[in-house]
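query14.cif (mmCIF, C-alpha atoms) appears below.
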data_model
loop_
_atom_site.label_atom_id
_atom_site.label_comp_id
_atom_site.auth_asym_id
_atom_site.auth_seq_id
_atom_site.Cartn_x
_atom_site.Cartn_y
_atom_site.Cartn_z
CA MET A 26 81.64 92.83 71.96
CA SER A 27 78.68 91.71 74.01
CA TYR A 28 79.91 88.10 73.89
CA LEU A 29 83.14 88.97 75.70
CA PRO A 30 82.29 87.37 79.06
CA PHE A 31 81.44 84.06 77.37
CA LEU A 32 84.67 84.23 75.38
CA LEU A 33 86.48 84.82 78.66
CA ALA A 34 85.02 81.57 80.00
CA VAL A 35 86.14 79.67 76.88
CA TRP A 36 89.61 81.26 77.08
CA ILE A 37 90.10 80.40 80.74
CA PHE A 38 89.01 76.81 80.14
CA LEU A 39 91.39 76.33 77.23
CA VAL A 40 94.26 78.02 79.09
CA GLY A 41 93.68 75.70 82.04
CA LEU A 42 93.72 72.64 79.78
CA PHE A 43 96.91 73.89 78.15
CA GLY A 44 98.49 74.19 81.58
CA ILE A 45 97.50 70.64 82.48
CA VAL A 46 98.99 69.22 79.29
CA ARG A 47 102.22 71.20 79.58
CA SER A 48 102.85 70.88 83.28
CA ARG A 49 105.96 69.31 84.78
CA ASN A 50 104.90 69.24 88.39
CA PHE A 51 101.85 67.77 90.05
CA ILE A 52 101.20 70.82 92.19
CA HIS A 53 101.24 73.04 89.11
CA LEU A 54 98.80 70.58 87.50
CA VAL A 55 96.37 70.87 90.40
CA VAL A 56 96.43 74.67 90.20
CA CYS A 57 95.77 74.56 86.45
CA LEU A 58 92.85 72.21 87.08
CA SER A 59 91.49 74.78 89.51
CA VAL A 60 91.81 77.49 86.87
CA ALA A 61 89.91 75.36 84.34
CA GLN A 62 87.20 74.78 86.94
CA SER A 63 86.82 78.50 87.59
CA SER A 64 85.79 79.04 83.97
CA THR A 65 82.45 77.42 84.78
CA TYR A 66 81.80 80.00 87.50
CA VAL A 67 82.46 82.82 85.02
CA LEU A 68 80.14 81.24 82.45
CA LEU A 69 77.30 80.65 84.92
CA LEU A 70 77.36 84.17 86.32
CA SER A 71 77.64 85.77 82.88
CA VAL A 72 74.62 83.84 81.66
CA GLY A 73 72.54 85.06 84.59
CA TYR A 74 73.32 88.77 84.23
CA VAL A 75 70.40 91.10 83.48
CA LYS A 76 71.25 94.50 82.01
CA GLY A 77 70.40 97.25 84.48
CA GLY A 78 69.70 94.72 87.22
CA THR A 79 70.90 95.01 90.78
CA ALA A 80 72.06 92.34 93.23
CA PRO A 81 69.26 89.94 94.34
CA ILE A 82 69.31 91.19 97.94
CA PHE A 83 66.12 93.00 98.90
CA LYS A 84 66.94 94.45 102.30
CA ASP A 85 66.72 98.14 101.32
CA VAL A 86 65.43 97.64 97.82
CA LYS A 87 61.79 97.00 97.11
CA PRO A 88 61.10 93.44 95.89
CA GLY A 89 60.09 93.70 92.28
CA THR A 90 62.95 95.90 91.07
CA LYS A 91 64.96 94.39 88.27
CA ALA A 92 67.61 92.07 89.69
CA VAL A 93 70.04 89.56 88.24
CA ASP A 94 69.26 85.88 88.33
CA PRO A 95 69.82 84.38 91.82
CA VAL A 96 69.66 80.70 90.87
CA VAL A 97 73.03 80.62 89.10
CA GLN A 98 74.60 82.50 92.00
CA ALA A 99 73.30 79.88 94.41
CA LEU A 100 74.82 77.11 92.27
CA THR A 101 78.19 78.86 92.04
CA LEU A 102 78.66 79.85 95.64
CA THR A 103 78.57 76.39 97.17
CA ASP A 104 80.73 75.07 94.38
CA ILE A 105 83.60 77.49 95.08
CA VAL A 106 84.04 76.43 98.70
CA VAL A 107 83.77 72.74 97.90
CA SER A 108 86.27 72.85 95.04
CA VAL A 109 89.01 73.96 97.41
CA THR A 110 88.52 70.85 99.50
CA VAL A 111 88.77 68.65 96.43
CA ALA A 112 91.97 70.48 95.43
CA ALA A 113 93.34 69.76 98.91
CA LEU A 114 92.58 66.07 98.43
CA LEU A 115 94.47 66.10 95.13
CA LEU A 116 97.43 67.82 96.78
CA ALA A 117 97.48 65.18 99.52
CA LEU A 118 97.54 62.52 96.78
CA ALA A 119 100.43 64.34 95.11
CA ILE A 120 102.43 64.41 98.35
CA LEU A 121 101.90 60.71 98.95
CA GLY A 122 102.65 59.97 95.31
CA LYS A 123 106.00 61.66 95.64
CA ARG A 124 106.78 59.69 98.74
CA HIS A 125 106.13 56.36 97.03
CA ALA A 126 107.28 57.04 93.48
CA GLY A 127 110.03 59.53 94.23
CA THR A 128 109.06 62.15 91.68
CA MET A 129 106.58 65.00 91.25
CA ASN A 130 106.86 65.02 87.48
CA PRO A 131 103.84 63.50 85.72
CA GLU A 132 105.98 62.54 82.73
CA GLU A 133 108.30 60.35 84.74
CA LEU A 134 105.62 58.24 86.32
CA HIS A 135 104.95 54.90 84.66
CA PRO A 136 101.71 53.03 85.28
CA MET A 137 103.32 49.65 85.83
CA ARG A 138 106.17 49.01 88.14
CA GLY A 139 107.78 45.64 88.25
CA MET P 10 104.44 59.77 73.47
CA THR P 11 107.05 62.48 73.58
CA ARG P 12 106.26 65.87 75.01
CA ARG P 13 106.36 67.59 71.65
CA ALA P 14 103.99 65.11 70.06
CA ARG P 15 101.63 65.51 72.98
CA LEU P 16 101.60 69.30 72.60
CA ILE P 17 100.91 69.06 68.87
CA VAL P 18 97.99 66.67 69.40
CA PHE P 19 96.68 68.99 72.09
CA GLY P 20 96.98 71.98 69.75
CA VAL P 21 94.88 70.32 67.09
CA ALA P 22 92.27 69.14 69.59
CA ALA P 23 92.15 72.52 71.33
CA ALA P 24 91.54 74.29 68.03
CA GLY P 25 88.58 72.03 67.38
CA LEU P 26 87.27 72.43 70.93
CA ALA P 27 87.65 76.22 70.76
CA ALA P 28 85.71 76.37 67.51
CA LEU P 29 82.94 74.24 68.98
CA LEU P 30 82.71 76.27 72.19
CA ILE P 31 82.71 79.62 70.41
CA TRP P 32 80.00 78.41 68.04
CA GLY P 33 78.05 77.31 71.10
CA THR P 34 78.37 80.62 72.93
CA LEU P 35 77.17 82.52 69.90
CA GLY P 36 73.87 80.70 70.20
CA ILE P 37 72.92 81.71 73.72
CA PRO P 38 71.05 85.00 74.29
CA ASP P 39 73.09 88.22 74.41
CA PHE P 40 74.97 89.16 77.56
CA GLY P 41 72.43 90.91 79.76
CA HIS P 42 69.27 89.52 78.23
CA TYR P 43 68.63 86.48 80.33
CA HIS P 44 65.01 85.34 80.21
CA GLY P 45 64.96 82.65 82.90
CA ARG P 46 61.53 82.58 84.49
CA TYR P 47 62.53 80.66 87.63
CA GLY P 48 64.90 83.41 88.79
CA GLN P 49 62.44 86.19 88.06
CA ILE P 50 59.64 84.47 89.99
CA LEU P 51 61.93 83.86 92.95
CA ASN P 52 63.16 87.46 92.98
CA ARG P 53 59.58 88.66 93.08
CA ASP P 54 58.19 86.19 95.60
CA ALA P 55 60.94 84.93 97.88
CA VAL P 56 60.70 87.85 100.30
CA LYS P 57 56.94 87.49 100.54
CA GLU P 58 56.97 83.71 100.88
CA ARG P 59 59.92 83.04 103.14
CA GLN P 60 60.56 86.47 104.66
CA ALA P 61 64.23 86.12 103.74
CA THR P 62 65.68 89.21 102.07
CA ASN P 63 68.75 87.43 100.72
CA THR P 64 67.27 85.53 97.81
CA VAL P 65 70.47 83.61 97.10
CA THR P 66 70.60 82.18 100.64
CA ALA P 67 66.91 81.32 100.42
CA ILE P 68 67.62 79.35 97.26
CA VAL P 69 70.71 77.66 98.69
CA PHE P 70 69.06 76.52 101.93
CA ASP P 71 65.39 76.29 101.06
CA TYR P 72 64.35 76.12 97.42
CA ARG P 73 67.38 74.07 96.35
CA GLY P 74 68.30 72.66 99.75
CA LEU P 75 68.82 69.21 98.30
CA ASP P 76 71.69 70.41 96.09
CA THR P 77 73.39 72.01 99.08
CA MET P 78 73.13 68.74 100.98
CA GLY P 79 74.93 67.04 98.09
CA GLU P 80 77.66 69.69 98.12
CA GLU P 81 78.12 69.29 101.85
CA PHE P 82 78.63 65.61 101.40
CA ILE P 83 81.24 66.26 98.73
CA LEU P 84 83.02 68.41 101.32
CA PHE P 85 82.67 65.69 103.93
CA ALA P 86 83.98 62.98 101.60
CA ALA P 87 86.96 65.05 100.47
CA VAL P 88 87.97 65.88 104.03
CA THR P 89 87.57 62.23 105.04
CA GLY P 90 89.81 61.33 102.11
CA VAL P 91 92.51 63.75 103.23
CA ALA P 92 92.32 62.49 106.81
CA LEU P 93 92.58 58.89 105.59
CA LEU P 94 95.58 59.60 103.40
CA LEU P 95 97.59 61.73 105.78
CA ARG P 96 96.67 60.35 109.17
CA GLU P 97 98.83 57.23 109.24
CA THR P 98 100.25 55.96 112.49
CA ARG P 99 101.96 59.21 113.23
CA GLN P 100 103.43 60.03 116.59
CA ARG P 101 102.96 63.56 117.76
CA VAL P 102 106.18 65.51 117.26
CA PRO P 103 107.35 66.53 120.75
CA ASN P 104 108.84 69.93 119.85
CA PRO P 105 107.23 71.36 116.74
CA ILE P 106 109.29 74.06 115.05
CA ASP P 107 108.33 77.63 115.80
CA PRO P 108 109.25 79.96 112.94
CA VAL P 109 107.59 83.22 114.08
CA ARG P 110 110.28 85.38 115.66
CA SER P 111 108.98 88.93 115.22
CA GLU P 112 107.10 90.28 118.21
CA ALA P 113 105.08 92.66 116.04
CA VAL P 114 103.65 89.79 113.99
CA ARG P 115 102.73 87.93 117.15
CA ALA P 116 101.05 90.93 118.73
CA VAL P 117 99.03 91.95 115.70
CA GLY P 118 98.04 88.38 114.95
CA ILE P 119 96.83 87.59 118.44
CA CYS P 120 94.89 90.85 118.60
CA LEU P 121 93.19 90.00 115.31
CA VAL P 122 91.85 86.64 116.48
CA PRO P 123 88.75 87.95 118.33
CA ALA P 124 88.05 90.46 115.54
CA VAL P 125 88.08 87.80 112.84
CA LEU P 126 86.01 85.48 115.03
CA THR P 127 83.36 88.18 115.47
CA LEU P 128 83.39 88.92 111.75
CA GLY P 129 82.87 85.24 110.95
CA LEU P 130 80.01 84.87 113.40
CA TRP P 131 78.42 88.07 112.08
CA ILE P 132 78.53 86.90 108.49
CA VAL P 133 77.06 83.51 109.38
CA ALA P 134 74.29 85.00 111.51
CA HIS P 135 73.21 87.48 108.84
CA GLY P 136 73.03 84.85 106.13
CA ALA P 137 69.33 85.23 105.43
CA VAL P 138 69.36 89.04 105.56
CA THR P 139 72.46 90.42 103.79
CA PRO P 140 75.15 88.78 101.62
CA GLY P 141 76.78 86.04 103.60
CA GLY P 142 75.82 82.66 104.91
CA GLY P 143 77.23 79.45 106.27
CA PHE P 144 79.82 78.81 103.56
CA GLN P 145 81.56 82.17 103.63
CA GLY P 146 81.36 82.63 107.38
CA GLY P 147 82.60 79.10 108.00
CA VAL P 148 85.86 79.73 106.18
CA ILE P 149 86.34 83.05 108.03
CA LEU P 150 85.86 81.25 111.36
CA ALA P 151 88.47 78.70 110.31
CA ALA P 152 90.79 81.61 109.50
CA ALA P 153 90.41 82.96 113.04
CA PHE P 154 91.83 79.70 114.36
CA LEU P 155 94.49 79.60 111.65
CA LEU P 156 95.79 82.95 112.92
CA LEU P 157 96.84 81.09 116.04
CA TRP P 158 99.28 79.11 113.93
CA LEU P 159 100.33 82.07 111.78
CA ALA P 160 101.08 84.42 114.65
CA GLY P 161 101.85 81.84 117.31
CA SER P 162 102.94 78.24 117.18
CA LEU P 163 101.58 74.97 115.86
CA ARG P 164 101.17 73.74 119.41
CA ALA P 165 98.76 76.62 120.16
CA TYR P 166 96.69 75.74 117.12
CA THR P 167 96.49 72.03 117.90
CA ARG P 168 95.63 72.63 121.53
CA VAL P 169 92.72 74.92 120.72
CA THR P 170 91.35 72.57 118.05
CA PRO P 171 91.73 69.01 119.34
CA THR P 172 91.05 66.46 116.64
CA PRO P 173 88.24 64.41 118.26
CA PHE P 174 86.28 67.59 118.94
CA VAL P 175 86.71 68.87 115.39
CA ASP P 176 85.69 65.50 113.95
CA LEU P 177 82.57 65.54 116.11
CA THR P 178 81.68 69.08 115.00
CA GLU P 179 82.02 68.16 111.34
CA GLY P 180 79.77 65.16 111.76
CA THR P 181 77.24 67.22 113.70
CA GLY P 182 77.13 69.85 110.99
CA ALA P 183 76.67 67.42 108.12
CA GLY P 184 74.32 65.13 110.03
CA GLY P 185 72.30 68.00 111.48
CA TYR P 186 71.42 69.15 108.00
CA VAL P 187 70.01 65.73 107.12
CA LEU P 188 68.28 65.53 110.50
CA VAL P 189 66.35 68.73 109.86
CA GLY P 190 65.19 67.27 106.56
CA LEU P 191 64.22 64.00 108.18
CA VAL P 192 62.17 65.79 110.85
CA ALA P 193 60.12 67.31 108.06
CA LEU P 194 59.75 63.87 106.49
CA LEU P 195 58.52 62.35 109.76
CA LEU P 196 55.87 65.04 110.07
CA GLY P 197 54.42 64.13 106.71
CA GLU P 198 55.90 66.99 104.66
CA PRO P 199 58.42 66.62 101.82
CA PHE P 200 62.11 66.20 102.73
CA LEU P 201 63.71 69.51 103.82
CA HIS P 202 60.38 71.32 103.79
CA ASN P 203 60.47 74.64 105.63
CA LEU P 204 58.53 74.02 108.83
CA LEU P 205 59.20 76.75 111.39
CA PRO P 206 57.36 80.11 111.47
CA TYR P 207 58.87 82.57 109.05
CA GLY P 208 59.20 85.67 111.21
CA LEU P 209 59.64 89.19 109.88
CA ALA P 210 61.84 90.02 106.92
CA GLY P 211 65.06 91.70 107.97
CA LYS P 212 65.35 90.08 111.37
CA LEU P 213 67.98 87.49 112.18
CA SER P 214 65.40 84.82 112.95
CA SER P 215 63.55 85.15 109.64
CA GLY P 216 63.25 82.40 107.09
CA GLY P 217 61.90 79.48 109.08
CA SER P 218 64.41 76.65 109.03
CA ILE P 219 66.94 78.62 106.96
CA PRO P 220 68.95 79.85 110.01
CA ILE P 221 69.18 76.31 111.39
CA LEU P 222 70.51 74.91 108.13
CA ASN P 223 72.77 77.95 107.89
CA TRP P 224 74.42 77.28 111.25
CA ALA P 225 74.69 73.54 110.54
CA THR P 226 76.51 74.33 107.31
CA ALA P 227 78.78 76.84 109.06
CA LEU P 228 79.73 74.20 111.64
CA ALA P 229 80.45 71.64 108.94
CA VAL P 230 82.53 74.01 106.80
CA THR P 231 84.53 75.41 109.74
CA ALA P 232 85.34 71.96 111.07
CA ALA P 233 86.23 70.71 107.57
CA PHE P 234 88.76 73.46 107.01
CA LEU P 235 90.19 73.18 110.54
CA LEU P 236 90.71 69.49 109.87
CA LEU P 237 92.36 70.16 106.53
CA PHE P 238 94.72 72.74 107.97
CA ALA P 239 95.57 70.49 110.93
CA GLU P 240 96.37 67.53 108.70
CA PHE P 241 98.61 69.48 106.37
CA LEU P 242 100.43 71.34 109.14
CA GLU P 243 101.07 68.23 111.22
CA GLU P 244 102.32 66.42 108.13
CA ARG P 245 104.75 69.23 107.50
CA SER P 246 106.11 69.32 111.03
CA PHE P 247 106.41 65.53 110.88
CA VAL P 248 108.39 65.65 107.65
CA ILE P 249 110.69 68.40 108.91
CA ALA P 250 111.44 66.50 112.08
CA GLY P 251 112.52 63.67 109.82
CA LYS P 252 110.47 60.92 111.37
CA HIS P 253 108.70 59.51 108.30
CA LYS P 254 109.88 56.28 106.69
CA MET I 1 79.33 97.44 77.47
CA ASN I 2 81.21 99.69 79.80
CA VAL I 3 84.95 100.18 79.72
CA ILE I 4 85.30 98.77 83.21
CA TYR I 5 83.79 95.44 82.17
CA VAL I 6 86.24 95.12 79.29
CA VAL I 7 89.20 96.04 81.52
CA SER I 8 88.28 93.51 84.19
CA ILE I 9 87.70 90.77 81.61
CA VAL I 10 91.09 91.40 79.99
CA LEU I 11 92.76 91.44 83.41
CA ALA I 12 91.17 88.10 84.38
CA GLY I 13 92.24 86.52 81.10
CA ALA I 14 95.81 87.77 81.50
CA ALA I 15 95.96 86.56 85.10
CA ALA I 16 94.80 83.07 84.06
CA LEU I 17 97.58 82.93 81.45
CA ALA I 18 100.09 84.10 84.07
CA VAL I 19 99.07 81.32 86.45
CA VAL I 20 99.54 78.67 83.79
CA LEU I 21 102.90 79.94 82.59
CA THR I 22 104.50 80.28 86.04
CA GLN I 23 106.98 77.52 86.81
CA ASP I 24 108.34 78.43 90.24
CA LEU I 25 105.99 77.09 92.89
CA ILE I 26 105.93 79.90 95.45
CA ARG I 27 105.25 82.40 92.68
CA LEU I 28 102.51 80.08 91.49
CA ALA I 29 100.72 80.45 94.82
CA MET I 30 100.95 84.23 94.56
CA ALA I 31 99.74 84.21 90.96
CA ALA I 32 96.80 81.96 91.82
CA SER I 33 95.81 84.33 94.62
CA PHE I 34 96.02 87.31 92.27
CA TYR I 35 93.90 85.52 89.66
CA THR I 36 91.28 84.88 92.33
CA LEU I 37 91.28 88.61 93.12
CA THR I 38 90.64 89.56 89.49
CA LEU I 39 87.74 87.12 89.46
CA VAL I 40 86.34 88.75 92.62
CA VAL I 41 86.29 92.13 90.85
CA PHE I 42 84.55 90.59 87.87
CA PHE I 43 81.94 88.89 90.04
CA LEU I 44 81.21 92.19 91.80
CA LEU I 45 80.67 93.85 88.44
CA LEU I 46 78.19 91.10 87.61
CA GLN I 47 76.16 92.08 90.72
CA ALA I 48 76.88 88.89 92.67
CA PRO I 49 78.02 89.88 96.20
CA ASP I 50 77.55 86.43 97.74
CA VAL I 51 79.67 84.72 95.12
CA ALA I 52 82.33 87.45 95.32
CA LEU I 53 82.50 87.07 99.10
CA SER I 54 82.83 83.30 98.75
CA GLU I 55 85.60 83.51 96.16
CA LEU I 56 87.44 86.20 98.15
CA VAL I 57 87.40 84.21 101.35
CA VAL I 58 88.46 81.02 99.65
CA GLY I 59 91.16 82.60 97.50
CA THR I 60 92.74 84.47 100.39
CA ILE I 61 92.47 82.01 103.27
CA ALA I 62 91.83 78.43 102.29
CA TYR I 63 93.52 77.95 98.95
CA PRO I 64 96.91 79.68 99.49
CA VAL I 65 97.41 78.05 102.89
CA VAL I 66 96.75 74.55 101.59
CA LEU I 67 98.87 75.17 98.50
CA LEU I 68 101.82 76.68 100.38
CA VAL I 69 101.91 73.97 103.01
CA ALA I 70 101.87 71.32 100.25
CA ILE I 71 104.77 73.10 98.53
CA LEU I 72 106.71 73.26 101.80
CA ILE I 73 106.16 69.57 102.48
CA ASP I 74 107.38 68.83 98.97
CA ARG I 75 110.47 70.93 99.52
CA ALA I 76 111.33 69.46 102.88
CA GLU I 77 111.41 65.89 101.63
#
Please go through the file and, once you have read it, give me the structure as structure tokens.
Amino acid sequence: MSYLPFLLAVWIFLVGLFGIVRSRNFIHLVVCLSVAQSSTYVLLLSVGYVKGGTAPIFKDVKPGTKAVDPVVQALTLTDIVVSVTVAALLLALAILGKRHAGTMNPEELHPMRG
Amino acid sequence: MTRRARLIVFGVAAAGLAALLIWGTLGIPDFGHYHGRYGQILNRDAVKERQATNTVTAIVFDYRGLDTMGEEFILFAAVTGVALLLRETRQRVPNPIDPVRSEAVRAVGICLVPAVLTLGLWIVAHGAVTPGGGFQGGVILAAAFLLLWLAGSLRAYTRVTPTPFVDLTEGTGAGGYVLVGLVALLLGEPFLHNLLPYGLAGKLSSGGSIPILNWATALAVTAAFLLLFAEFLEERSFVIAGKHK
Amino acid sequence: MNVIYVVSIVLAGAAALAVVLTQDLIRLAMAASFYTLTLVVFFLLLQAPDVALSELVVGTIAYPVVLLVAILIDRAE
């Protein structure tokens, strides 16, 4: 039972991959990619948790009390904001792709057009 | 490959991947028993060394400032990509559509703009003291401007955030971060070394160069999201007016 | 492990499955926003207020707006 957060990360990753493989629409594909990416945030934060630890903010708390690991939080927090921008770039590509190829369905796109 | 065949191949591969990942997660220490020394040392010493009570912000802008610079450039590159893709030779639509008709929505939205702006500035300013920082506050500041579109019209939004000004702000934010690092380099210290006096813990000016990098990041993130919103919204009004090829 | 951890983990897993199985696009935006909210609760339980604030702000402001406007452009063409 104590491995449940790590299993959550594995589950979210596999569910996201399943969505990418099964998707019929590029926008749905981008959202599933985002879901698969969020599994890494869950894994990082679960690895850094310390039982009985508090948040690593020492404004009212004396430094030296047991706190969770701040390094993984620093890695995750910049990543979340930046991943939205990359998702926006993918959505812009999807919009332009529809304008030139006429379809939003990944299965109907062929790599070579005569 | 047909859809069914693709799903079957995925099923087999996913079973193998799941087995591998679960076997991997059983090997890491139990949930709650993390023994990383770097984090423990920083928790103990960051307040003493940098006078910044928010250890996570101190790591983001000081101890691992180089990684944050890389992330900011990912942001910059992605926004440049969106601008490149969507900013073709587009004429400005003379009468953008105006879908908000309820007076209550307009009133509440316009009244919320200064409140959200203050909240965003507060969260950015207190980055080194309490949870917050440039990234979170930057998106909230962009939301304050977005409320002008949500509760008003697209024309209000584009007049308050003219594109050359937003482009300049984004460049200033991203370039200012590198400039602070280069100033340290010119003075003989390592790149992005913390140079200014640290101040007292708990005050807004604590942390040395952390507040400067904080505000530079907030500028870059706000301008990036304003640009993104502007590009998408103008593209939509363009498409609805029927003027694309 | 506390009951509340187990409940929030199960909720996040179910929300992820709901996002993947939704076909209608406007409902997809809503489901993605709800999934982000379950993750915010989980991050708060893991004592990470900065990360929770970041995910909350992104999942409520930036991501749904960009997604919805892309869906509306797709529909209008």
Which residues of chain I come within 8 Å of chain P, and what is each one's closest atom pair and distance in Å (one decimal), counting only C-alpha atoms, sorted by chain and residue number, as JSON lines?
{"residue": "I:Pro49", "atom": "CA", "partner": "P:Pro140", "partner_atom": "CA", "distance": 6.2}
{"residue": "I:Asp50", "atom": "CA", "partner": "P:Pro140", "partner_atom": "CA", "distance": 5.1}
{"residue": "I:Leu53", "atom": "CA", "partner": "P:Gln145", "partner_atom": "CA", "distance": 6.7}
{"residue": "I:Ser54", "atom": "CA", "partner": "P:Gln145", "partner_atom": "CA", "distance": 5.2}
{"residue": "I:Val57", "atom": "CA", "partner": "P:Gln145", "partner_atom": "CA", "distance": 6.6}
{"residue": "I:Val58", "atom": "CA", "partner": "P:Val148", "partner_atom": "CA", "distance": 7.1}
{"residue": "I:Ile61", "atom": "CA", "partner": "P:Ala152", "partner_atom": "CA", "distance": 6.5}
{"residue": "I:Ala62", "atom": "CA", "partner": "P:Val148", "partner_atom": "CA", "distance": 7.2}
{"residue": "I:Val65", "atom": "CA", "partner": "P:Phe238", "partner_atom": "CA", "distance": 7.8}
{"residue": "I:Val66", "atom": "CA", "partner": "P:Phe238", "partner_atom": "CA", "distance": 6.9}
{"residue": "I:Val69", "atom": "CA", "partner": "P:Phe241", "partner_atom": "CA", "distance": 6.5}
{"residue": "I:Ala70", "atom": "CA", "partner": "P:Phe241", "partner_atom": "CA", "distance": 7.2}
{"residue": "I:Leu72", "atom": "CA", "partner": "P:Arg245", "partner_atom": "CA", "distance": 7.3}
{"residue": "I:Ile73", "atom": "CA", "partner": "P:Arg245", "partner_atom": "CA", "distance": 5.2}
{"residue": "I:Ala76", "atom": "CA", "partner": "P:Ile249", "partner_atom": "CA", "distance": 6.2}
{"residue": "I:Glu77", "atom": "CA", "partner": "P:Val248", "partner_atom": "CA", "distance": 6.7}
Sphere at (104.5, 68.2, 73.7), radius 12 Å, counting only C-alpha atoms: residues as a CSV table (one decimal) with C-alpha atoms, keeping the file's coordinate frame:
chain,number,residue,atom,x,y,z
A,43,PHE,CA,96.9,73.9,78.2
A,44,GLY,CA,98.5,74.2,81.6
A,45,ILE,CA,97.5,70.6,82.5
A,46,VAL,CA,99.0,69.2,79.3
A,47,ARG,CA,102.2,71.2,79.6
A,48,SER,CA,102.8,70.9,83.3
A,49,ARG,CA,106.0,69.3,84.8
A,132,GLU,CA,106.0,62.5,82.7
P,10,MET,CA,104.4,59.8,73.5
P,11,THR,CA,107.0,62.5,73.6
P,12,ARG,CA,106.3,65.9,75.0
P,13,ARG,CA,106.4,67.6,71.6
P,14,ALA,CA,104.0,65.1,70.1
P,15,ARG,CA,101.6,65.5,73.0
P,16,LEU,CA,101.6,69.3,72.6
P,17,ILE,CA,100.9,69.1,68.9
P,18,VAL,CA,98.0,66.7,69.4
P,19,PHE,CA,96.7,69.0,72.1
P,20,GLY,CA,97.0,72.0,69.8
P,21,VAL,CA,94.9,70.3,67.1
**Report entry** Result set of the PyMOL selection byres ((chain A) within 8 of (chain I)) on the coordinates above, as an NGL selection string
**Finding:** :A and (26-27 or 29-30 or 33 or 36-37 or 40-41 or 43-44 or 52-53 or 56-57 or 60 or 67 or 70-71 or 74 or 78-81 or 93 or 98 or 101-102 or 105-106 or 109 or 113 or 116-117 or 120)
Could you build a table of the residues in chain A lying no more than 8 Å from chain P, giving for each the nearest pair of atoms and their separation in Å rounded to one decimal place, using only C-alpha atoms, ordered by chain and ascending residue number, as CSV?
residue,atom,partner,partner_atom,distance
A:Ser27,CA,P:Phe40,CA,5.7
A:Tyr28,CA,P:Phe40,CA,6.2
A:Pro30,CA,P:Phe40,CA,7.7
A:Phe31,CA,P:Thr34,CA,6.4
A:Leu32,CA,P:Ile31,CA,7.1
A:Val35,CA,P:Leu30,CA,6.7
A:Leu39,CA,P:Ala23,CA,7.1
A:Phe43,CA,P:Phe19,CA,7.8
A:Val46,CA,P:Leu16,CA,7.2
A:Arg47,CA,P:Leu16,CA,7.3
A:Ser71,CA,P:Phe40,CA,6.9
A:Val72,CA,P:Tyr43,CA,6.7
A:Gly73,CA,P:Tyr43,CA,6.0
A:Tyr74,CA,P:Gly41,CA,5.0
A:Val75,CA,P:Gly41,CA,4.2
A:Lys76,CA,P:Gly41,CA,4.4
A:Pro81,CA,P:Thr64,CA,6.0
A:Ile82,CA,P:Asn63,CA,4.7
A:Phe83,CA,P:Thr62,CA,5.0
A:Lys84,CA,P:Thr62,CA,5.4
A:Pro88,CA,P:Arg53,CA,5.7
A:Gly89,CA,P:Arg53,CA,5.1
A:Ala92,CA,P:Asn52,CA,7.2
A:Asp94,CA,P:Gly48,CA,5.0
A:Pro95,CA,P:Val65,CA,5.4
A:Val96,CA,P:Gly48,CA,5.9
A:Gln98,CA,P:Val65,CA,6.7
A:Ala99,CA,P:Val65,CA,5.4
A:Leu100,CA,P:Val69,CA,7.6
A:Thr103,CA,P:Glu80,CA,6.8
A:Asp104,CA,P:Glu80,CA,7.2
A:Val106,CA,P:Phe144,CA,6.9
A:Val107,CA,P:Leu84,CA,5.6
A:Thr110,CA,P:Ala87,CA,6.1
A:Val111,CA,P:Ala87,CA,5.7
A:Ala113,CA,P:Val91,CA,7.4
A:Leu114,CA,P:Val91,CA,5.3
A:Ala117,CA,P:Val91,CA,6.4
A:Leu118,CA,P:Leu94,CA,7.5
A:Leu121,CA,P:Leu94,CA,7.8
Please list as a PDB file with C-alpha atoms, in the coordinates of the input every residue within 8 Å of Leu58 of chain A, counting only C-alpha atoms and excluding residues in the same chain fewer than 3 positions away.
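Listed below is the output, out24.pdb:
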ATOM      1  CA  GLY A  41      93.680  75.700  82.040  1.00  0.00           C
ATOM      2  CA  LEU A  42      93.720  72.640  79.780  1.00  0.00           C
ATOM      3  CA  ILE A  45      97.500  70.640  82.480  1.00  0.00           C
ATOM      4  CA  LEU A  54      98.800  70.580  87.500  1.00  0.00           C
ATOM      5  CA  VAL A  55      96.370  70.870  90.400  1.00  0.00           C
ATOM      6  CA  ALA A  61      89.910  75.360  84.340  1.00  0.00           C
ATOM      7  CA  GLN A  62      87.200  74.780  86.940  1.00  0.00           C
TER       8      GLN A  62
END
**Report entry** Point-to-point distance from atom CA of Leu205 of chain P to atom CA of Leu128 of chain P, Å rounded to tenths
**Finding:** 27.1 Å
